[in-house]
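One file, target_13.txt, is given below (compact mmCIF, C-alpha atoms and all ligand atoms).
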```txt
# COMPACT_ATOMS: atom_id res chain seq x y z
CA MET S 4 0.00 0.00 0.00
CA VAL S 5 1.26 3.47 -0.85
CA ALA S 6 1.39 5.69 2.23
CA VAL S 7 -0.86 8.74 1.77
CA PRO S 8 1.06 11.82 2.84
CA VAL S 9 -0.49 13.72 5.70
CA ARG S 10 -1.73 17.14 4.58
CA SER S 11 -1.25 20.39 6.45
CA VAL S 12 -4.25 22.12 8.02
CA GLU S 13 -3.67 25.19 5.81
CA GLU S 14 -3.65 23.11 2.64
CA GLN S 15 -6.87 21.34 3.60
CA GLN S 16 -8.45 24.72 4.43
CA ARG S 17 -7.44 26.07 1.04
CA ILE S 18 -8.97 23.03 -0.67
CA VAL S 19 -12.29 23.22 1.17
CA ARG S 20 -12.57 26.98 0.58
CA GLY S 21 -12.12 26.29 -3.11
CA LEU S 22 -15.20 24.05 -3.11
CA ALA S 23 -17.57 26.93 -2.36
CA THR S 24 -19.30 28.85 -5.13
CA PRO S 25 -20.80 32.35 -4.67
CA LEU S 26 -24.38 32.34 -3.43
CA PRO S 27 -27.09 34.54 -4.95
CA VAL S 28 -27.87 38.00 -3.64
CA GLU S 29 -31.23 38.90 -2.11
CA ARG S 30 -32.60 42.28 -1.04
CA VAL S 31 -33.87 42.55 2.51
CA PRO S 32 -35.15 45.41 4.65
CA LEU S 33 -32.66 46.62 7.24
CA ALA S 34 -34.83 45.17 9.99
CA GLU S 35 -34.11 41.69 8.61
CA ALA S 36 -30.47 42.25 7.72
CA GLU S 37 -28.73 41.73 11.03
CA GLY S 38 -26.13 38.96 10.91
CA ARG S 39 -26.23 38.83 7.12
CA VAL S 40 -23.30 39.48 4.80
CA LEU S 41 -23.39 42.59 2.63
CA ALA S 42 -23.30 41.65 -1.05
CA GLU S 43 -22.34 45.04 -2.51
CA ASP S 44 -20.12 48.00 -1.76
CA VAL S 45 -22.22 50.77 -0.24
CA VAL S 46 -21.62 54.48 -0.86
CA ALA S 47 -23.30 57.20 1.15
CA ARG S 48 -26.44 58.68 -0.39
CA PHE S 49 -26.60 61.32 2.31
CA ALA S 50 -24.00 63.25 4.23
CA VAL S 51 -23.66 62.50 7.93
CA PRO S 52 -24.71 64.74 9.54
CA PRO S 53 -27.10 65.62 6.70
CA PHE S 54 -27.15 69.31 7.72
CA THR S 55 -25.18 71.51 10.08
CA ASN S 56 -26.85 71.32 13.48
CA SER S 57 -26.53 72.00 17.16
CA ALA S 58 -24.85 69.53 19.52
CA MET S 59 -26.47 71.11 22.59
CA ASP S 60 -29.65 72.63 23.88
CA GLY S 61 -28.84 76.34 24.10
CA TYR S 62 -28.60 79.51 22.05
CA ALA S 63 -27.24 79.88 18.53
CA VAL S 64 -25.18 83.07 18.40
CA ARG S 65 -22.53 84.96 16.50
CA HIS S 66 -19.29 84.26 18.28
CA ALA S 67 -18.24 87.93 18.01
CA ASP S 68 -21.22 88.81 20.24
CA VAL S 69 -20.17 86.51 23.12
CA VAL S 70 -16.47 87.25 23.42
CA ASP S 71 -17.15 89.78 26.22
CA VAL S 72 -19.53 88.39 28.81
CA PRO S 73 -21.94 88.81 30.41
CA VAL S 74 -23.90 90.10 27.45
CA ARG S 75 -27.64 90.32 26.75
CA LEU S 76 -28.88 89.26 23.29
CA GLU S 77 -32.30 89.56 21.72
CA VAL S 78 -33.97 86.14 21.18
CA VAL S 79 -35.34 85.98 17.62
CA GLY S 80 -37.08 82.60 17.77
CA ASP S 81 -37.08 78.91 18.60
CA ILE S 82 -35.45 76.13 16.57
CA PRO S 83 -36.58 72.70 17.79
CA ALA S 84 -35.21 69.45 16.31
CA GLY S 85 -37.22 68.78 13.17
CA ALA S 86 -37.73 72.50 12.44
CA ARG S 87 -38.25 73.02 8.71
CA SER S 88 -37.04 76.62 8.79
CA ALA S 89 -34.97 78.76 11.13
CA PRO S 90 -34.90 82.50 11.83
CA GLU S 91 -31.75 84.32 10.77
CA VAL S 92 -29.49 85.40 13.62
CA GLY S 93 -28.16 88.92 13.18
CA ALA S 94 -25.63 90.87 15.25
CA GLY S 95 -26.72 91.20 18.87
CA SER S 96 -29.28 88.43 18.64
CA ALA S 97 -29.63 84.72 19.38
CA ALA S 98 -32.04 81.87 18.56
CA ARG S 99 -33.04 79.26 21.11
CA ILE S 100 -31.92 75.94 19.59
CA MET S 101 -32.24 72.28 20.59
CA THR S 102 -29.86 69.37 20.02
CA GLY S 103 -30.11 68.14 16.45
CA ALA S 104 -31.89 71.28 15.21
CA PRO S 105 -30.53 73.00 12.08
CA MET S 106 -28.17 75.92 12.67
CA PRO S 107 -29.73 79.19 11.56
CA GLU S 108 -28.19 81.54 9.01
CA GLY S 109 -25.89 84.03 10.65
CA ALA S 110 -25.03 81.99 13.74
CA ASP S 111 -21.74 80.15 14.06
CA THR S 112 -21.61 79.01 17.69
CA VAL S 113 -23.96 77.47 20.25
CA VAL S 114 -23.88 78.54 23.89
CA PRO S 115 -25.33 75.79 26.11
CA VAL S 116 -28.37 76.82 28.15
CA GLU S 117 -26.36 76.12 31.32
CA LEU S 118 -24.13 79.14 30.52
CA THR S 119 -27.10 81.54 30.31
CA ASP S 120 -29.60 83.08 32.73
CA GLN S 121 -32.32 80.79 31.35
CA PRO S 122 -33.64 77.65 33.07
CA ARG S 123 -33.00 74.20 31.65
CA GLY S 124 -35.97 72.18 30.44
CA GLU S 125 -39.39 73.40 29.44
CA ALA S 126 -39.66 77.19 29.60
CA PRO S 127 -41.38 79.89 27.54
CA LEU S 128 -39.27 81.55 24.87
CA PRO S 129 -37.61 84.57 26.55
CA GLY S 130 -37.41 87.96 24.82
CA ARG S 131 -33.76 88.28 25.80
CA VAL S 132 -31.05 85.93 27.02
CA GLU S 133 -28.04 86.78 29.12
CA ILE S 134 -24.90 84.88 28.10
CA ARG S 135 -22.84 84.49 31.28
CA GLU S 136 -19.83 82.53 30.02
CA THR S 137 -18.17 82.52 26.65
CA VAL S 138 -17.33 79.47 24.54
CA GLU S 139 -14.87 78.91 21.68
CA PHE S 140 -15.76 79.86 18.12
CA ALA S 141 -17.89 77.15 16.43
CA LYS S 142 -18.35 75.32 19.70
CA ASN S 143 -21.26 72.83 19.86
CA VAL S 144 -21.83 72.91 16.11
CA ARG S 145 -21.87 69.63 14.16
CA TYR S 146 -21.09 70.27 10.52
CA GLU S 147 -22.83 68.72 7.56
CA GLY S 148 -20.69 65.89 6.20
CA GLU S 149 -18.13 65.90 8.99
CA ASN S 150 -18.57 62.13 9.32
CA VAL S 151 -19.17 61.18 5.66
CA THR S 152 -20.18 63.00 2.49
CA PRO S 153 -22.37 61.64 -0.34
CA GLY S 154 -20.41 59.23 -2.51
CA ASP S 155 -18.04 58.18 0.28
CA GLU S 156 -17.54 54.42 0.50
CA VAL S 157 -19.09 53.41 3.80
CA LEU S 158 -19.21 49.60 3.78
CA ALA S 159 -17.53 47.03 1.57
CA ALA S 160 -19.09 43.87 0.13
CA GLY S 161 -18.39 41.01 2.52
CA THR S 162 -19.04 43.07 5.65
CA LEU S 163 -20.99 41.33 8.37
CA LEU S 164 -24.10 43.39 9.15
CA THR S 165 -23.70 44.05 12.85
CA PRO S 166 -25.93 46.51 14.72
CA ALA S 167 -23.32 49.21 14.07
CA ALA S 168 -23.26 48.40 10.34
CA LEU S 169 -27.05 48.64 10.17
CA GLY S 170 -26.96 51.99 11.97
CA SER S 171 -24.42 53.17 9.44
CA LEU S 172 -26.53 51.99 6.47
CA ALA S 173 -29.63 53.69 7.85
CA SER S 174 -27.75 56.94 8.43
CA VAL S 175 -26.42 57.14 4.87
CA GLY S 176 -29.82 56.57 3.30
CA TYR S 177 -30.56 52.85 2.87
CA GLY S 178 -33.80 51.17 3.95
CA GLU S 179 -32.97 47.86 2.35
CA VAL S 180 -29.78 46.24 1.29
CA GLY S 181 -28.40 43.44 -0.89
CA VAL S 182 -27.16 40.52 1.16
CA VAL S 183 -25.78 37.12 0.28
CA ARG S 184 -28.28 34.29 0.69
CA ARG S 185 -27.53 32.29 3.82
CA PRO S 186 -25.67 29.07 3.04
CA ARG S 187 -27.88 26.05 3.76
CA VAL S 188 -26.17 23.40 5.80
CA ALA S 189 -27.36 19.82 6.23
CA VAL S 190 -25.80 17.82 9.05
CA VAL S 191 -25.92 14.07 8.46
CA THR S 192 -24.90 11.97 11.44
CA THR S 193 -23.92 8.35 10.91
CA GLY S 194 -23.65 5.41 13.27
CA ASP S 195 -25.68 2.38 14.26
CA GLU S 196 -24.82 3.15 17.89
CA LEU S 197 -26.55 6.55 17.96
CA VAL S 198 -29.82 7.23 19.75
CA ASP S 199 -31.78 10.43 20.29
CA PRO S 200 -30.65 12.42 23.31
CA GLY S 201 -32.79 11.70 26.33
CA SER S 202 -33.34 8.06 25.36
CA LEU S 203 -32.18 5.27 27.61
CA LEU S 204 -29.14 3.47 26.28
CA ALA S 205 -29.06 -0.20 25.37
CA PHE S 206 -25.72 -2.00 25.30
CA GLY S 207 -23.29 -0.23 22.95
CA GLN S 208 -25.49 2.80 22.29
CA ILE S 209 -24.56 6.46 22.80
CA PRO S 210 -26.57 9.65 22.52
CA GLU S 211 -26.21 11.54 19.25
CA SER S 212 -24.50 14.82 20.11
CA ASN S 213 -22.59 15.89 16.99
CA SER S 214 -25.55 17.44 15.23
CA TYR S 215 -25.89 20.04 18.00
CA LEU S 216 -22.26 21.03 17.65
CA VAL S 217 -22.28 21.43 13.88
CA ALA S 218 -25.74 22.98 13.57
CA GLY S 219 -25.12 25.48 16.35
CA LEU S 220 -21.77 26.59 14.95
CA ALA S 221 -23.18 26.78 11.42
CA ARG S 222 -25.97 29.08 12.63
CA LYS S 223 -23.50 31.18 14.58
CA TRP S 224 -21.60 31.65 11.31
CA GLY S 225 -24.70 32.79 9.47
CA ALA S 226 -25.93 29.56 7.90
CA GLU S 227 -29.45 28.20 7.72
CA VAL S 228 -29.56 24.62 8.98
CA VAL S 229 -31.84 22.17 7.16
CA GLY S 230 -32.68 18.72 8.40
CA PRO S 231 -32.07 16.94 10.75
CA PHE S 232 -30.66 13.98 8.88
CA ARG S 233 -29.68 10.82 10.70
CA ALA S 234 -28.30 7.77 8.94
CA THR S 235 -27.27 4.37 10.15
CA ASP S 236 -24.19 2.57 8.88
CA ASP S 237 -26.26 0.82 6.24
CA PRO S 238 -24.93 1.96 2.83
CA ASP S 239 -28.30 2.04 1.08
CA GLU S 240 -29.93 3.98 3.85
CA PHE S 241 -26.99 6.35 4.08
CA ARG S 242 -27.09 6.99 0.34
CA ALA S 243 -30.82 7.75 0.48
CA VAL S 244 -30.31 10.21 3.34
CA ILE S 245 -27.44 11.89 1.51
CA GLU S 246 -29.61 12.36 -1.58
CA GLN S 247 -32.23 14.18 0.50
CA ALA S 248 -29.58 16.30 2.19
CA VAL S 249 -27.93 17.31 -1.09
CA GLU S 250 -31.30 18.34 -2.52
CA GLN S 251 -31.83 20.81 0.32
CA ALA S 252 -28.37 22.11 1.10
CA ASP S 253 -25.36 24.01 -0.22
CA VAL S 254 -23.09 22.16 2.20
CA VAL S 255 -23.59 18.62 3.48
CA VAL S 256 -21.60 17.84 6.62
CA THR S 257 -21.41 14.22 7.68
CA THR S 258 -19.98 13.05 10.97
CA GLY S 259 -18.36 9.68 11.51
CA GLY S 260 -17.63 6.92 9.04
CA VAL S 261 -14.55 8.45 7.40
CA SER S 262 -11.71 6.60 9.06
CA VAL S 263 -10.47 3.12 8.32
CA GLY S 264 -12.92 1.01 10.33
CA ALA S 265 -14.54 -2.03 8.79
CA PHE S 266 -17.94 -0.29 8.63
CA ASP S 267 -17.05 3.26 7.62
CA VAL S 268 -20.12 3.99 5.58
CA VAL S 269 -19.27 7.49 4.34
CA ARG S 270 -16.02 6.34 2.84
CA ALA S 271 -17.70 3.29 1.35
CA VAL S 272 -20.60 5.15 -0.28
CA LEU S 273 -19.21 8.56 -1.26
CA ALA S 274 -16.34 7.28 -3.33
CA GLU S 275 -16.21 10.52 -5.35
CA ALA S 276 -14.95 12.47 -2.32
CA GLU S 277 -11.35 12.80 -1.24
CA TYR S 278 -10.29 11.14 2.03
CA GLN S 279 -7.26 12.70 3.59
CA ALA S 280 -5.28 12.53 6.81
CA VAL S 281 -4.69 16.06 8.06
CA ALA S 282 -1.86 16.87 10.48
CA MET S 283 -4.07 17.82 13.40
CA GLN S 284 -5.34 16.29 16.61
CA PRO S 285 -8.19 15.81 17.08
CA GLY S 286 -9.66 15.74 13.57
CA LYS S 287 -7.10 13.76 11.59
CA PRO S 288 -9.40 11.92 9.12
CA GLN S 289 -11.14 14.45 6.86
CA ALA S 290 -13.15 14.07 3.71
CA SER S 291 -14.13 16.75 1.24
CA GLY S 292 -15.50 17.19 -2.22
CA ARG S 293 -18.69 17.86 -4.10
CA ILE S 294 -21.57 15.43 -4.29
CA THR S 295 -23.94 15.42 -7.24
CA THR S 296 -27.13 13.38 -7.15
CA ALA S 297 -28.61 11.41 -10.02
CA ASP S 298 -31.16 14.16 -10.63
CA GLY S 299 -28.53 16.86 -10.81
CA HIS S 300 -28.50 18.45 -7.35
CA SER S 301 -25.07 19.30 -6.11
CA ALA S 302 -23.58 20.30 -2.76
CA VAL S 303 -20.22 20.79 -1.14
CA PHE S 304 -19.35 17.85 1.06
CA LEU S 305 -17.38 17.90 4.29
CA GLY S 306 -16.92 14.54 5.94
CA LEU S 307 -15.88 15.11 9.51
CA PRO S 308 -14.70 12.40 11.88
CA GLY S 309 -17.13 10.94 14.40
CA ASN S 310 -15.83 11.87 17.79
CA PRO S 311 -17.56 14.98 19.11
CA VAL S 312 -14.50 17.03 20.02
CA SER S 313 -13.06 16.23 16.59
CA VAL S 314 -16.31 17.42 15.08
CA TYR S 315 -16.19 20.64 17.06
CA VAL S 316 -12.57 21.36 16.17
CA SER S 317 -13.10 20.38 12.52
CA SER S 318 -16.08 22.71 12.32
CA TRP S 319 -14.00 25.61 13.59
CA VAL S 320 -11.12 24.77 11.28
CA PHE S 321 -12.93 23.75 8.06
CA LEU S 322 -16.68 24.43 8.11
CA ARG S 323 -16.00 28.04 9.17
CA GLU S 324 -13.75 28.43 6.12
CA VAL S 325 -16.33 26.95 3.74
CA LEU S 326 -19.18 29.09 5.05
CA GLY S 327 -17.00 32.18 4.79
CA ALA S 328 -16.11 31.33 1.20
CA PHE S 329 -19.79 30.89 0.32
CA THR S 330 -20.59 34.42 1.49
CA GLY S 331 -17.45 36.18 0.29
CA ARG S 332 -16.29 36.83 3.79
CA SER S 333 -13.54 35.49 5.99
CA ILE S 334 -15.23 34.51 9.25
CA PRO S 335 -12.82 35.67 11.95
CA TRP S 336 -11.42 33.44 14.65
CA ARG S 337 -10.15 35.65 17.47
CA ARG S 338 -6.66 34.79 18.68
CA LEU S 339 -4.65 35.62 21.76
CA ARG S 340 -1.20 34.64 22.98
CA LEU S 341 -1.37 33.53 26.61
CA PRO S 342 0.81 31.57 29.03
CA ALA S 343 -0.05 27.99 29.89
CA LEU S 344 -0.88 27.79 33.61
CA GLU S 345 -0.05 24.09 33.65
CA GLY S 346 1.71 21.73 31.26
CA TRP S 347 0.22 19.10 28.97
CA GLY S 348 1.37 16.54 26.43
CA CYS S 349 1.04 16.96 22.67
CA PRO S 350 0.76 14.40 19.83
CA PRO S 351 3.86 13.98 17.66
CA ARG S 352 3.89 15.66 14.21
CA ARG S 353 0.33 16.91 14.45
CA ARG S 354 -0.97 20.34 15.36
CA GLN S 355 -2.92 20.05 18.57
CA TYR S 356 -6.24 21.82 19.21
CA ILE S 357 -6.88 21.44 22.90
CA PRO S 358 -9.96 22.82 24.68
CA VAL S 359 -8.81 25.27 27.35
CA VAL S 360 -10.28 27.46 30.03
CA VAL S 361 -9.12 31.09 29.78
CA GLU S 362 -8.29 32.60 33.15
CA PRO S 363 -7.13 36.15 33.80
CA ASP S 364 -3.45 35.13 33.77
CA GLY S 365 -3.41 32.28 31.28
CA VAL S 366 -4.99 29.05 30.08
CA ARG S 367 -5.36 25.54 31.42
CA PRO S 368 -6.84 22.41 29.77
CA ALA S 369 -10.59 22.10 30.19
CA HIS S 370 -10.13 18.43 31.06
CA ALA S 371 -7.26 16.48 32.65
CA LYS S 372 -7.22 14.22 29.57
CA GLY S 373 -6.41 17.19 27.34
CA SER S 374 -7.40 16.97 23.70
CA GLY S 375 -9.12 13.55 23.88
CA SER S 376 -11.65 13.61 21.08
CA HIS S 377 -14.41 11.86 23.04
CA LEU S 378 -14.44 14.34 25.96
CA ILE S 379 -17.70 15.93 24.92
CA ALA S 380 -19.27 16.41 28.33
CA SER S 381 -16.57 18.87 29.44
CA LEU S 382 -16.18 20.68 26.11
CA VAL S 383 -18.66 23.22 27.45
CA LEU S 384 -15.99 24.42 29.90
CA ALA S 385 -13.67 25.52 27.11
CA ASP S 386 -13.44 29.22 26.30
CA ALA S 387 -10.93 28.54 23.59
CA LEU S 388 -8.84 26.02 21.72
CA ALA S 389 -5.12 26.29 22.39
CA VAL S 390 -3.30 25.57 19.15
CA VAL S 391 0.08 23.93 19.59
CA GLY S 392 2.47 23.45 16.68
CA ALA S 393 3.19 20.01 15.21
CA ASP S 394 6.83 20.29 16.29
CA VAL S 395 6.00 20.72 20.00
CA ASP S 396 6.02 17.51 22.10
CA GLU S 397 5.00 19.06 25.35
CA VAL S 398 3.69 22.33 26.70
CA THR S 399 5.29 23.39 29.99
CA ALA S 400 3.72 25.76 32.49
CA GLY S 401 4.74 29.29 31.51
CA ASP S 402 5.04 28.58 27.77
CA ILE S 403 3.20 31.13 25.66
CA VAL S 404 0.57 29.41 23.54
CA ASP S 405 -1.64 30.47 20.67
CA VAL S 406 -5.24 30.57 21.88
CA HIS S 407 -8.26 30.68 19.54
CA LEU S 408 -11.40 31.84 21.31
CA VAL S 409 -14.59 29.89 20.69
CA ASP S 410 -17.02 32.54 21.95
P1 LIG S 501 -16.64 6.76 13.61
O1 LIG S 501 -15.67 7.68 12.94
O2 LIG S 501 -17.94 6.64 12.90
O3 LIG S 501 -16.01 5.46 13.93
O4 LIG S 501 -16.99 7.45 15.01
C1 LIG S 501 -15.97 7.70 15.94
C2 LIG S 501 -16.53 7.83 17.32
O5 LIG S 501 -17.43 8.91 17.37
C3 LIG S 501 -17.30 6.62 17.79
O6 LIG S 501 -16.99 6.42 19.16
C4 LIG S 501 -18.74 7.04 17.62
O7 LIG S 501 -19.60 6.37 18.49
C5 LIG S 501 -18.69 8.50 17.91
N1 LIG S 501 -19.74 9.22 17.22
C6 LIG S 501 -19.98 9.18 15.90
N2 LIG S 501 -21.03 9.95 15.58
C7 LIG S 501 -21.48 10.51 16.73
C8 LIG S 501 -22.53 11.40 17.05
N3 LIG S 501 -23.33 11.88 16.10
N4 LIG S 501 -22.69 11.75 18.34
C9 LIG S 501 -21.86 11.28 19.28
N5 LIG S 501 -20.84 10.44 19.04
C10 LIG S 501 -20.65 10.04 17.78
MG MG S 502 -19.37 5.31 12.94
```
Please go through the file and, once you have read it, give me the structure as structure tokens.
Ligand code: AMP
Ligand code: MG
Amino acid sequence: MVAVPVRSVEEQQRIVRGLATPLPVERVPLAEAEGRVLAEDVVARFAVPPFTNSAMDGYAVRHADVVDVPVRLEVVGDIPAGARSAPEVGAGSAARIMTGAPMPEGADTVVPVELTDQPRGEAPLPGRVEIRETVEFAKNVRYEGENVTPGDEVLAAGTLLTPAALGSLASVGYGEVGVVRRPRVAVVTTGDELVDPGSLLAFGQIPESNSYLVAGLARKWGAEVVGPFRATDDPDEFRAVIEQAVEQADVVVTTGGVSVGAFDVVRAVLAEAEYQAVAMQPGKPQASGRITTADGHSAVFLGLPGNPVSVYVSSWVFLREVLGAFTGRSIPWRRLRLPALEGWGCPPRRRQYIPVVVEPDGVRPAHAKGSGSHLIASLVLADALAVVGADVDEVTAGDIVDVHLVD
């Protein structure tokens, strides 16, 4: 038998990214756009602020009139926010103005009400106002376009629409926006030993937990999850389930059945995919490719290993890349460099992804058995995966390690 060379994580990531094809664009109202990926570059239709306005409740004045204080000015009118016109402010006069109200012709500075003889809050318009303290020229004036001007590029295609991004879009004149359709992900679990969570276990059975890991992460990364799909290790049944999944999804993720066991159904049935050992632990056996059904449906295929921690790590490392590629965005994985608070062992020649707890002064393994791929019950404790290079045999307390947050 020819030994298959082990592939680097980066190379496998590059290959799975290359499987994705751009998804169609759809237009949605801003109220439905949160968490979506912007499909087009956006330029400002409006300036921000759209007109020069007051930053304070107070009096709009000519600065020359308030250099020597106290001074009494004639009040020529009121300018509330939303005013459609404003009285002109001549020499020796002032207009009462509210925050966000348009600056009147003639005025260049706003004196806050606190620096006058007038009360704060609701009060009749006075005939005169005494300015008791001066302010700098142009103080408390927000100029039209000082944030952006029409035509400025505000957001680039590929931007994740966070609350701040939506606020920005609204402010520059957009009520709806083009976004990339959410990738549809089907999770197909395999294994004769799997039962629904909550069921009692007969000899040799375990609860199915992988689908929660993959589906939850996929949603977190902006996907729509279709299914659920559960297959046994029977090839005909598995093939039938895969056909249904491919019909409904852009990405079909299987778990289990990709290693070299005697009953590895994924490997046996999906012969068109590529099966590859990747230099990582957990998550070494990986499969990838594109599956096309007899009636012409096609989907990207990721065949993850079966053990739950492998599934979790593989999702972070590969599914995240695929989903990003589908939406024209690189889904970030936040990294820190932190000291190890205790030591642990590492597998030879494979990059280790070990669930760790992040404490104020460093990280420690979430479980005494480290990166064991079956340690699903304690995975919840992990704030991050510490990523240790293939050339490292052992992490010693005090070593600085690369930490990828899983929040
Ligand atoms: P396999 O690669 O199919 O041999 O699976 C490897 C290990 O992962 C076995 O111990 C399986 O029982 C376990 N496993 C596979 N699929 C799941 C699942 N969906 N939920 C929990 N454990 C699983
Ligand atoms: Mg199996």
Test item: residues no farther than 10 Å from ligand LIG 501 (chain S), counting only C-alpha atoms and all ligand atoms, as an mmCIF file with C-alpha atoms, in the coordinates of the input:
```
data_model
loop_
_atom_site.group_PDB
_atom_site.id
_atom_site.type_symbol
_atom_site.label_atom_id
_atom_site.label_comp_id
_atom_site.auth_asym_id
_atom_site.auth_seq_id
_atom_site.Cartn_x
_atom_site.Cartn_y
_atom_site.Cartn_z
ATOM 1 C CA VAL S 190 -25.800 17.820 9.050
ATOM 2 C CA VAL S 191 -25.920 14.070 8.460
ATOM 3 C CA THR S 192 -24.900 11.970 11.440
ATOM 4 C CA THR S 193 -23.920 8.350 10.910
ATOM 5 C CA GLY S 194 -23.650 5.410 13.270
ATOM 6 C CA ASP S 195 -25.680 2.380 14.260
ATOM 7 C CA GLU S 196 -24.820 3.150 17.890
ATOM 8 C CA LEU S 197 -26.550 6.550 17.960
ATOM 9 C CA VAL S 198 -29.820 7.230 19.750
ATOM 10 C CA ASP S 199 -31.780 10.430 20.290
ATOM 11 C CA PRO S 200 -30.650 12.420 23.310
ATOM 12 C CA GLY S 207 -23.290 -0.230 22.950
ATOM 13 C CA GLN S 208 -25.490 2.800 22.290
ATOM 14 C CA ILE S 209 -24.560 6.460 22.800
ATOM 15 C CA PRO S 210 -26.570 9.650 22.520
ATOM 16 C CA GLU S 211 -26.210 11.540 19.250
ATOM 17 C CA SER S 212 -24.500 14.820 20.110
ATOM 18 C CA ASN S 213 -22.590 15.890 16.990
ATOM 19 C CA SER S 214 -25.550 17.440 15.230
ATOM 20 C CA TYR S 215 -25.890 20.040 18.000
ATOM 21 C CA LEU S 216 -22.260 21.030 17.650
ATOM 22 C CA VAL S 217 -22.280 21.430 13.880
ATOM 23 C CA ARG S 233 -29.680 10.820 10.700
ATOM 24 C CA ALA S 234 -28.300 7.770 8.940
ATOM 25 C CA THR S 235 -27.270 4.370 10.150
ATOM 26 C CA ASP S 236 -24.190 2.570 8.880
ATOM 27 C CA THR S 257 -21.410 14.220 7.680
ATOM 28 C CA THR S 258 -19.980 13.050 10.970
ATOM 29 C CA GLY S 259 -18.360 9.680 11.510
ATOM 30 C CA GLY S 260 -17.630 6.920 9.040
ATOM 31 C CA VAL S 261 -14.550 8.450 7.400
ATOM 32 C CA SER S 262 -11.710 6.600 9.060
ATOM 33 C CA VAL S 263 -10.470 3.120 8.320
ATOM 34 C CA GLY S 264 -12.920 1.010 10.330
ATOM 35 C CA ALA S 265 -14.540 -2.030 8.790
ATOM 36 C CA PHE S 266 -17.940 -0.290 8.630
ATOM 37 C CA ASP S 267 -17.050 3.260 7.620
ATOM 38 C CA VAL S 268 -20.120 3.990 5.580
ATOM 39 C CA VAL S 269 -19.270 7.490 4.340
ATOM 40 C CA PRO S 288 -9.400 11.920 9.120
ATOM 41 C CA GLY S 306 -16.920 14.540 5.940
ATOM 42 C CA LEU S 307 -15.880 15.110 9.510
ATOM 43 C CA PRO S 308 -14.700 12.400 11.880
ATOM 44 C CA GLY S 309 -17.130 10.940 14.400
ATOM 45 C CA ASN S 310 -15.830 11.870 17.790
ATOM 46 C CA PRO S 311 -17.560 14.980 19.110
ATOM 47 C CA VAL S 312 -14.500 17.030 20.020
ATOM 48 C CA SER S 313 -13.060 16.230 16.590
ATOM 49 C CA VAL S 314 -16.310 17.420 15.080
ATOM 50 C CA SER S 376 -11.650 13.610 21.080
ATOM 51 C CA HIS S 377 -14.410 11.860 23.040
ATOM 52 C CA ILE S 379 -17.700 15.930 24.920
#
```
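Nearest residue to ligand MG 502 (chain S), choosing from S:Trp347, S:Phe241, S:Phe304, S:Phe49 and counting all atoms listed in the file: S:Phe241.
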Item to check | Contacts of S:Glu345 within 7 Å, all atoms listed in the file, excl. fewer than 2 positions in-chain, as a PyMOL selection string | outcome: chain S and resi 343+347+367+399-400
Prev. selection, C-alpha atoms, output as a compact mmCIF listing (two decimals), in the frame of the given file:
```txt
# COMPACT_ATOMS: atom_id res chain seq x y z
CA ALA S 343 -0.05 27.99 29.89
CA TRP S 347 0.22 19.10 28.97
CA ARG S 367 -5.36 25.54 31.42
CA THR S 399 5.29 23.39 29.99
CA ALA S 400 3.72 25.76 32.49
```
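Non-sequential neighbours of S:Glu35 (distance at most 9 Å, separation of 4 or more positions within a chain, only C-alpha atoms) are Val31, Arg39 and Glu179 of chain S.
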Checklist entry - Around (-27.4, 46.1, 1.3) in the file's frame, which residues reach within 10 Å when counting only C-alpha atoms? Return as a PyMOL selection string? => result chain S and resi 28-33+36+39-45+158-160+162+164+169+172+177-183
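Counting from atom CA of S:Ile134, the distance to atom CA of S:Val74 is 5.4 Å.
Closest to S:Leu322 among S:Pro368, S:Arg338, S:Arg184, S:Gln15 is S:Gln15, based on all atoms listed in the file.
With atom CA of S:Arg145 on one side and atom CA of S:Thr55 on the other, the separation reads 5.6 Å.
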Could you put an axis-aligned box around every listed atom of stretch 206-221 of chain S, padded by 4 Å on each side, and send me its centre and edge lengths in Å to one decimal, as JSON?
```
{"center_x": -24.2, "center_y": 12.4, "center_z": 18.4, "size_x": 12.8, "size_y": 36.8, "size_z": 21.9}
```
Next on the checklist: Within 7 Å of (4.5, 30.4, 28.5) (file coordinates; only C-alpha atoms), which protein or nucleic acid residues are there? I'd like them as a ChimeraX atom specification.
Outcome noted: /S:341-343,400-404
Would you put the residues from that selection into a file with C-alpha atoms, as a compact mmCIF listing (two decimals), in the frame of the given file?
```txt
# COMPACT_ATOMS: atom_id res chain seq x y z
CA LEU S 341 -1.37 33.53 26.61
CA PRO S 342 0.81 31.57 29.03
CA ALA S 343 -0.05 27.99 29.89
CA ALA S 400 3.72 25.76 32.49
CA GLY S 401 4.74 29.29 31.51
CA ASP S 402 5.04 28.58 27.77
CA ILE S 403 3.20 31.13 25.66
CA VAL S 404 0.57 29.41 23.54
```
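Distances from S:Ala226, S:Cys349, S:Ala47, S:Gly292 to S:Ile334 were compared using all atoms listed in the file, and the smallest one belongs to S:Ala226.
Take the candidates S:Leu220, S:Ala89, S:Ala271, S:Ala380 and check each one against ligand MG 502 (chain S) using only C-alpha atoms and all ligand atoms; the shortest distance goes to S:Ala271.
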